[in-house]
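Accompanying notes for the structure given below.
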Amino acid sequence: PFLISYAAWILRDAERRGIGRIYFLARDGQVLLDLARALAPRLGLDHIDCRYLYASRQAWLRNVADLQATSAGHWLWWGVWQGFVAGQTTLANLKRRLGVPGSDLDAGLAEAGFGPGSDDRPVAAEDVPRLEDFFRSEAFAAALAGSRAANRRLLHDYLAQEGLFDPVPSAMVDIGWAGNLHAALAGMQEAAGAAPAHGYYFGFNAKQLEGRAAQRSRFQYDFDDPDALARFKPAFKQDLVEIYTEIFCAADHGTLAGFHVEDGRVVPDLVPGWERHMQDWGLPVVRRSLAAACAHLDTDGIDLTALEAMRGPIRGLLEALWTRPSAAEARAWGAFPVEIGEGRGSRAVPLAEPYRPADLAGLLAGRSRMRRHIYFWTDGALAMTPPPLRATLVALRAARRRMRGDGGDE
């Protein structure tokens, strides 16, 4: 219901707006593109051109964002300031995110105290001030200039090749959330003299889209709109809403690391290995199930009013699964390999694993947390845990929540 309703709503709303071409952004858009292409002829909308567009924060934002900003929310610094990959983010990973040859940065980093051998050492808290100073320096800006210009040209040429600068009313589709990729795309379209694409989201917090309210639409969550939150308030934290919905949109390929030219075309550089994780987990089963559900769907009466009426039931289904899973559901979805980190610096960890008796001592003593990583599915882990231990852990979590006076997860 979540994915099929969202895909059908995008098509119906695009029809209403006179949009002729819809770009589904990698990687969350892969399954939505498959569903939209299957639904469009059955809804009488096969005149809408649905395409896939390779995109990622790493490959796009390094070409348009202020890379000298070192605020905690900046995409480049996830893993350093926010513990996105606690104790594991390295200078080598940051260089890959920047798309800058390491040799171009080595002299400046050495002056900042990061000499030979520093690349693969996890960045520690005491390293942060010196690293911040370097990434704000003129030396960094100069090292960045050459590769940034080349990367930006490749991105521009890729967007032109895919028709983003054509005089055709277009839209882009993502799951969410901050609108960074949409803002980057719209900016490049406007610079090329093209109309910016409309943005479709399952949910957003509109960090980068405050000035583009007329260019964006959301199907479900809006974390910046108090009225929307009153109607669609999630049962868990915003960061968990984001990752839990993205899991259903897993793609069969790795993240986009950049572009290169091959036989006169701009083609994507995809991080290898992710397809194996997805195959081992069971993505082909999920995709076949979705295709079967879509093929047997009765499409009569599927208009915007009917689709928007699905928002409440979809929210209820999502929250029932994530907060009250059966043991079988927890085992199936808990095995999902969550990607922690960015691009070639990422790693895969299970969404949830059962707790063991050995975990109890650390939790009681406050030496460990219920959530083993930033996206850990606590309710799924509890559902997989043997009943006696589960009862103890549920009581412990409730006590911690009472002490804090909030509903957050530990």
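Convention: chains lettered A, B, ... in structure tokens order; per-chain residue numbering from 1; ligands numbered from 1 as shown.
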
> Using the chain letters and numbers from this document, which residues of region 131-219 of chain A does DSSP assign to strand (DSSP E or B), as a PyMOL selection string?
Replying inline: chain A and resi 170-174+198-204+216-219

Restricting it to N, CA, C and O atoms, dump the selection as a PDB file, in the first residue's frame.
ATOM      1  N   SER A 170       8.960  19.090 -16.008  1.00  0.00           N
ATOM      2  CA  SER A 170       9.504  17.874 -15.412  1.00  0.00           C
ATOM      3  C   SER A 170       9.300  17.856 -13.902  1.00  0.00           C
ATOM      4  O   SER A 170       8.978  18.873 -13.283  1.00  0.00           O
ATOM      5  N   ALA A 171       9.503  16.684 -13.347  1.00  0.00           N
ATOM      6  CA  ALA A 171       9.444  16.504 -11.901  1.00  0.00           C
ATOM      7  C   ALA A 171      10.516  15.504 -11.504  1.00  0.00           C
ATOM      8  O   ALA A 171      10.976  14.700 -12.320  1.00  0.00           O
ATOM      9  N   MET A 172      10.959  15.570 -10.246  1.00  0.00           N
ATOM     10  CA  MET A 172      11.864  14.576  -9.693  1.00  0.00           C
ATOM     11  C   MET A 172      11.188  13.939  -8.486  1.00  0.00           C
ATOM     12  O   MET A 172      10.374  14.572  -7.805  1.00  0.00           O
ATOM     13  N   VAL A 173      11.526  12.679  -8.246  1.00  0.00           N
ATOM     14  CA  VAL A 173      10.898  11.904  -7.171  1.00  0.00           C
ATOM     15  C   VAL A 173      11.969  11.404  -6.218  1.00  0.00           C
ATOM     16  O   VAL A 173      12.997  10.870  -6.643  1.00  0.00           O
ATOM     17  N   ASP A 174      11.711  11.585  -4.930  1.00  0.00           N
ATOM     18  CA  ASP A 174      12.590  11.051  -3.897  1.00  0.00           C
ATOM     19  C   ASP A 174      11.706  10.609  -2.729  1.00  0.00           C
ATOM     20  O   ASP A 174      10.513  10.934  -2.681  1.00  0.00           O
ATOM     21  N   HIS A 198       9.579  20.061 -10.551  1.00  0.00           N
ATOM     22  CA  HIS A 198       8.764  19.920  -9.359  1.00  0.00           C
ATOM     23  C   HIS A 198       9.303  18.741  -8.551  1.00  0.00           C
ATOM     24  O   HIS A 198       9.837  17.782  -9.111  1.00  0.00           O
ATOM     25  N   GLY A 199       9.182  18.794  -7.235  1.00  0.00           N
ATOM     26  CA  GLY A 199       9.695  17.720  -6.388  1.00  0.00           C
ATOM     27  C   GLY A 199       8.582  16.957  -5.704  1.00  0.00           C
ATOM     28  O   GLY A 199       7.699  17.557  -5.085  1.00  0.00           O
ATOM     29  N   TYR A 200       8.626  15.628  -5.817  1.00  0.00           N
ATOM     30  CA  TYR A 200       7.684  14.762  -5.108  1.00  0.00           C
ATOM     31  C   TYR A 200       8.433  14.012  -4.010  1.00  0.00           C
ATOM     32  O   TYR A 200       9.488  13.423  -4.248  1.00  0.00           O
ATOM     33  N   TYR A 201       7.833  14.019  -2.811  1.00  0.00           N
ATOM     34  CA  TYR A 201       8.442  13.389  -1.642  1.00  0.00           C
ATOM     35  C   TYR A 201       7.405  12.569  -0.887  1.00  0.00           C
ATOM     36  O   TYR A 201       6.238  12.951  -0.806  1.00  0.00           O
ATOM     37  N   PHE A 202       7.866  11.476  -0.312  1.00  0.00           N
ATOM     38  CA  PHE A 202       7.006  10.799   0.663  1.00  0.00           C
ATOM     39  C   PHE A 202       6.913  11.660   1.922  1.00  0.00           C
ATOM     40  O   PHE A 202       5.863  11.777   2.528  1.00  0.00           O
ATOM     41  N   GLY A 203       8.018  12.277   2.302  1.00  0.00           N
ATOM     42  CA  GLY A 203       8.018  13.198   3.440  1.00  0.00           C
ATOM     43  C   GLY A 203       9.218  14.117   3.356  1.00  0.00           C
ATOM     44  O   GLY A 203      10.206  13.802   2.703  1.00  0.00           O
ATOM     45  N   PHE A 204       9.136  15.280   4.019  1.00  0.00           N
ATOM     46  CA  PHE A 204      10.284  16.176   4.008  1.00  0.00           C
ATOM     47  C   PHE A 204      10.287  17.066   5.238  1.00  0.00           C
ATOM     48  O   PHE A 204       9.300  17.188   5.966  1.00  0.00           O
ATOM     49  N   ARG A 216       7.244  21.819  -4.618  1.00  0.00           N
ATOM     50  CA  ARG A 216       7.383  20.555  -3.895  1.00  0.00           C
ATOM     51  C   ARG A 216       6.042  20.091  -3.361  1.00  0.00           C
ATOM     52  O   ARG A 216       5.192  20.890  -3.000  1.00  0.00           O
ATOM     53  N   SER A 217       5.884  18.774  -3.331  1.00  0.00           N
ATOM     54  CA  SER A 217       4.659  18.170  -2.803  1.00  0.00           C
ATOM     55  C   SER A 217       5.044  16.937  -2.006  1.00  0.00           C
ATOM     56  O   SER A 217       5.962  16.208  -2.385  1.00  0.00           O
ATOM     57  N   ARG A 218       4.345  16.681  -0.909  1.00  0.00           N
ATOM     58  CA  ARG A 218       4.642  15.513  -0.100  1.00  0.00           C
ATOM     59  C   ARG A 218       3.399  14.659   0.056  1.00  0.00           C
ATOM     60  O   ARG A 218       2.279  15.166   0.137  1.00  0.00           O
ATOM     61  N   PHE A 219       3.621  13.362   0.093  1.00  0.00           N
ATOM     62  CA  PHE A 219       2.520  12.421   0.229  1.00  0.00           C
ATOM     63  C   PHE A 219       2.171  12.151   1.685  1.00  0.00           C
ATOM     64  O   PHE A 219       1.025  11.909   2.020  1.00  0.00           O
TER      65      PHE A 219
END

>> as a PyMOL selection string, please: every residue in region 289-384 of chain A that DSSP puts in alpha helix (DSSP H).
In response: chain A and resi 289-295+304-308+311-323+327-334+357-365+378-384

Preceding selection exported with N, CA and C atoms as a tab-separated table (two decimals), in the first residue's frame:
chain	number	residue	atom	x	y	z
A	289	SER	N	7.26	-9.79	-5.25
A	289	SER	CA	6.00	-9.63	-4.51
A	289	SER	C	5.31	-8.32	-4.88
A	290	LEU	N	6.11	-7.25	-4.97
A	290	LEU	CA	5.55	-5.95	-5.35
A	290	LEU	C	4.99	-5.99	-6.77
A	291	ALA	N	5.73	-6.61	-7.67
A	291	ALA	CA	5.27	-6.69	-9.06
A	291	ALA	C	3.96	-7.46	-9.16
A	292	ALA	N	3.84	-8.53	-8.38
A	292	ALA	CA	2.60	-9.32	-8.40
A	292	ALA	C	1.44	-8.52	-7.84
A	293	ALA	N	1.67	-7.81	-6.74
A	293	ALA	CA	0.61	-6.99	-6.15
A	293	ALA	C	0.16	-5.91	-7.11
A	294	CYS	N	1.13	-5.29	-7.79
A	294	CYS	CA	0.81	-4.22	-8.74
A	294	CYS	C	0.04	-4.77	-9.94
A	295	ALA	N	0.45	-5.95	-10.43
A	295	ALA	CA	-0.19	-6.53	-11.62
A	295	ALA	C	-1.64	-6.91	-11.36
A	304	LEU	N	-6.90	11.06	-7.26
A	304	LEU	CA	-6.16	11.74	-6.20
A	304	LEU	C	-6.89	11.68	-4.86
A	305	THR	N	-8.20	11.81	-4.89
A	305	THR	CA	-8.96	11.76	-3.63
A	305	THR	C	-8.80	10.41	-2.94
A	306	ALA	N	-8.92	9.33	-3.72
A	306	ALA	CA	-8.77	8.00	-3.14
A	306	ALA	C	-7.36	7.76	-2.62
A	307	LEU	N	-6.37	8.24	-3.37
A	307	LEU	CA	-4.99	8.03	-2.96
A	307	LEU	C	-4.64	8.83	-1.71
A	308	GLU	N	-5.12	10.05	-1.62
A	308	GLU	CA	-4.85	10.85	-0.43
A	308	GLU	C	-5.56	10.29	0.80
A	311	ARG	N	-3.47	7.91	3.15
A	311	ARG	CA	-2.37	8.37	4.00
A	311	ARG	C	-2.48	7.84	5.42
A	312	GLY	N	-3.66	7.94	6.01
A	312	GLY	CA	-3.83	7.45	7.38
A	312	GLY	C	-3.61	5.95	7.51
A	313	PRO	N	-4.26	5.13	6.69
A	313	PRO	CA	-4.01	3.69	6.77
A	313	PRO	C	-2.56	3.30	6.52
A	314	ILE	N	-1.89	3.97	5.60
A	314	ILE	CA	-0.48	3.67	5.34
A	314	ILE	C	0.36	3.98	6.58
A	315	ARG	N	0.10	5.13	7.19
A	315	ARG	CA	0.83	5.47	8.40
A	315	ARG	C	0.61	4.41	9.48
A	316	GLY	N	-0.64	3.97	9.61
A	316	GLY	CA	-0.93	2.95	10.61
A	316	GLY	C	-0.21	1.63	10.33
A	317	LEU	N	-0.16	1.23	9.06
A	317	LEU	CA	0.52	-0.01	8.71
A	317	LEU	C	2.03	0.09	8.97
A	318	LEU	N	2.63	1.19	8.57
A	318	LEU	CA	4.06	1.36	8.79
A	318	LEU	C	4.39	1.33	10.28
A	319	GLU	N	3.62	2.04	11.07
A	319	GLU	CA	3.94	2.13	12.49
A	319	GLU	C	3.61	0.84	13.22
A	320	ALA	N	2.61	0.10	12.75
A	320	ALA	CA	2.33	-1.21	13.36
A	320	ALA	C	3.50	-2.16	13.13
A	321	LEU	N	4.06	-2.13	11.91
A	321	LEU	CA	5.19	-3.02	11.64
A	321	LEU	C	6.39	-2.65	12.48
A	322	TRP	N	6.73	-1.36	12.52
A	322	TRP	CA	7.98	-0.98	13.18
A	322	TRP	C	7.88	-0.96	14.70
A	323	THR	N	6.70	-0.77	15.26
A	323	THR	CA	6.58	-0.70	16.72
A	323	THR	C	6.01	-1.96	17.33
A	327	ALA	N	7.63	-11.85	15.57
A	327	ALA	CA	9.00	-12.38	15.55
A	327	ALA	C	9.44	-12.66	14.12
A	328	ALA	N	8.52	-13.17	13.29
A	328	ALA	CA	8.86	-13.47	11.89
A	328	ALA	C	9.15	-12.20	11.12
A	329	GLU	N	8.35	-11.15	11.32
A	329	GLU	CA	8.61	-9.87	10.65
A	329	GLU	C	9.94	-9.30	11.09
A	330	ALA	N	10.21	-9.40	12.39
A	330	ALA	CA	11.47	-8.87	12.92
A	330	ALA	C	12.67	-9.60	12.34
A	331	ARG	N	12.57	-10.91	12.20
A	331	ARG	CA	13.69	-11.67	11.63
A	331	ARG	C	13.91	-11.29	10.16
A	332	ALA	N	12.81	-11.15	9.40
A	332	ALA	CA	12.94	-10.85	7.97
A	332	ALA	C	13.51	-9.46	7.74
A	333	TRP	N	12.92	-8.46	8.36
A	333	TRP	CA	13.36	-7.08	8.12
A	333	TRP	C	14.55	-6.70	8.98
A	334	GLY	N	14.72	-7.35	10.14
A	334	GLY	CA	15.89	-7.07	10.96
A	334	GLY	C	17.19	-7.48	10.29
A	357	PRO	N	21.67	-12.72	26.70
A	357	PRO	CA	21.84	-12.52	28.16
A	357	PRO	C	23.08	-11.70	28.50
A	358	ALA	N	24.14	-11.83	27.69
A	358	ALA	CA	25.37	-11.09	27.97
A	358	ALA	C	25.17	-9.58	27.84
A	359	ASP	N	24.14	-9.15	27.11
A	359	ASP	CA	23.89	-7.72	26.94
A	359	ASP	C	23.32	-7.07	28.20
A	360	LEU	N	22.71	-7.88	29.04
A	360	LEU	CA	21.93	-7.32	30.14
A	360	LEU	C	22.79	-6.57	31.15
A	361	ALA	N	23.95	-7.10	31.48
A	361	ALA	CA	24.80	-6.45	32.48
A	361	ALA	C	25.19	-5.05	32.05
A	362	GLY	N	25.61	-4.91	30.79
A	362	GLY	CA	26.00	-3.59	30.30
A	362	GLY	C	24.86	-2.61	30.28
A	363	LEU	N	23.67	-3.08	29.91
A	363	LEU	CA	22.50	-2.21	29.86
A	363	LEU	C	22.09	-1.76	31.26
A	364	LEU	N	22.11	-2.69	32.23
A	364	LEU	CA	21.73	-2.35	33.60
A	364	LEU	C	22.72	-1.38	34.23
A	365	ALA	N	24.01	-1.54	33.87
A	365	ALA	CA	25.04	-0.68	34.43
A	365	ALA	C	25.16	0.65	33.69
A	378	THR	N	15.08	-1.17	17.63
A	378	THR	CA	14.97	-1.73	18.98
A	378	THR	C	13.77	-2.66	19.12
A	379	ASP	N	12.61	-2.25	18.59
A	379	ASP	CA	11.42	-3.10	18.72
A	379	ASP	C	11.58	-4.41	17.95
A	380	GLY	N	12.27	-4.36	16.82
A	380	GLY	CA	12.54	-5.58	16.09
A	380	GLY	C	13.48	-6.50	16.87
A	381	ALA	N	14.51	-5.91	17.47
A	381	ALA	CA	15.43	-6.71	18.27
A	381	ALA	C	14.71	-7.36	19.45
A	382	LEU	N	13.83	-6.61	20.10
A	382	LEU	CA	13.07	-7.16	21.23
A	382	LEU	C	12.16	-8.30	20.78
A	383	ALA	N	11.54	-8.14	19.61
A	383	ALA	CA	10.63	-9.18	19.12
A	383	ALA	C	11.36	-10.48	18.84
A	384	MET	N	12.65	-10.41	18.51
A	384	MET	CA	13.45	-11.61	18.24
A	384	MET	C	14.05	-12.21	19.51

> Pick the closest to Pro226 (chain A) from A:Ala36, A:Pro354, A:Asn205, A:Gly20: which is it, counting only C-alpha atoms?
Replying inline: A:Asn205

> Which is closer to Pro268 (chain A) than all the others in A:Arg37, A:Leu155, A:Phe248, A:Glu132, using only C-alpha atoms?
Replying inline: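 Distance minimum relative to Pro268 (chain A) lands on A:Leu155.
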
> Mind pulling up the distance from CA of Tyr23 (chain A) to CA of Arg288 (chain A)?
Replying inline: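 Here the two named atoms are 22.7 Å from each other.
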
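For the pair CA of Met370 (chain A) and CA of Gly282 (chain A), the interatomic distance is 26.5 Å.
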
>> From the options A:Arg371, A:Arg136, A:Asp298, A:Arg356, which residue's atoms come nearest to Leu389 (chain A), counting only C-alpha atoms?
In response: A:Arg356

>> For a test of reading the model, state the distance in Å between CA of Leu32 (chain A) and CA of Ala7 (chain A), rounded to one decimal.
In response: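 Result for CA of Leu32 (chain A) versus CA of Ala7 (chain A): 5.8 Å, one decimal.
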
> Between A:Val31, A:Ala150, A:Ala391, A:Ala40, which has the minimum distance to His260 (chain A) (counting only C-alpha atoms)?
Replying inline: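 Between A:Val31, A:Ala150, A:Ala391, A:Ala40, the residue approaching His260 (chain A) most closely is A:Ala150.
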
> Residues at most 6 Å from region 49-53 of chain A, counting only C-alpha atoms, excluding those fewer than 4 positions away in the same chain, as number ranges by chain?
Replying inline: A: 21-26

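Minimum distance to Trp60 (chain A) across A:Ala141, A:Ile340, A:Leu3, A:Ala183 (counting only C-alpha atoms) occurs at A:Ala183.
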
>> Env of region 108-112 of chain A: 8 Å cut, atoms = only C-alpha atoms, seq-sep filter 3 positions within chain, self excluded. Answer as a list in words.
In response: Leu105, Gly115, Pro116, Arg130, Leu131, Phe134, Ala139 and Phe140 of chain A

For Ala194 (chain A), work out the shell of residues within 8 Å, counting only C-alpha atoms and skipping chain neighbours fewer than 2 positions away, then give it as an mmCIF file with N, CA, C and O atoms, in the first residue's frame.
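File around29.cif, as written:
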data_model
loop_
_atom_site.group_PDB
_atom_site.id
_atom_site.type_symbol
_atom_site.label_atom_id
_atom_site.label_comp_id
_atom_site.auth_asym_id
_atom_site.auth_seq_id
_atom_site.Cartn_x
_atom_site.Cartn_y
_atom_site.Cartn_z
ATOM 1 N N LEU A 164 17.382 17.072 -18.620
ATOM 2 C CA LEU A 164 16.916 17.946 -17.533
ATOM 3 C C LEU A 164 16.878 19.416 -17.928
ATOM 4 O O LEU A 164 16.245 20.218 -17.233
ATOM 5 N N PHE A 165 17.526 19.787 -19.018
ATOM 6 C CA PHE A 165 17.498 21.173 -19.472
ATOM 7 C C PHE A 165 16.574 21.361 -20.669
ATOM 8 O O PHE A 165 16.539 22.443 -21.274
ATOM 9 N N ASP A 166 15.823 20.325 -21.028
ATOM 10 C CA ASP A 166 14.876 20.407 -22.137
ATOM 11 C C ASP A 166 13.666 21.270 -21.748
ATOM 12 O O ASP A 166 13.322 21.372 -20.560
ATOM 13 N N PRO A 167 12.965 21.852 -22.722
ATOM 14 C CA PRO A 167 11.763 22.647 -22.423
ATOM 15 C C PRO A 167 10.534 21.760 -22.216
ATOM 16 O O PRO A 167 9.500 21.951 -22.859
ATOM 17 N N GLN A 189 19.369 23.690 -13.088
ATOM 18 C CA GLN A 189 18.413 23.920 -14.178
ATOM 19 C C GLN A 189 18.224 25.409 -14.431
ATOM 20 O O GLN A 189 18.211 25.856 -15.582
ATOM 21 N N GLU A 190 18.067 26.165 -13.367
ATOM 22 C CA GLU A 190 17.870 27.611 -13.521
ATOM 23 C C GLU A 190 19.099 28.268 -14.141
ATOM 24 O O GLU A 190 18.985 29.170 -14.972
ATOM 25 N N ALA A 191 20.299 27.807 -13.746
ATOM 26 C CA ALA A 191 21.524 28.361 -14.326
ATOM 27 C C ALA A 191 21.635 28.076 -15.811
ATOM 28 O O ALA A 191 22.246 28.849 -16.560
ATOM 29 N N ALA A 192 21.004 26.962 -16.238
ATOM 30 C CA ALA A 192 21.014 26.599 -17.664
ATOM 31 C C ALA A 192 19.838 27.188 -18.419
ATOM 32 O O ALA A 192 19.653 26.903 -19.611
ATOM 33 N N PRO A 196 12.808 24.848 -13.211
ATOM 34 C CA PRO A 196 13.167 23.840 -12.212
ATOM 35 C C PRO A 196 12.113 22.741 -12.120
ATOM 36 O O PRO A 196 10.919 22.975 -12.305
#
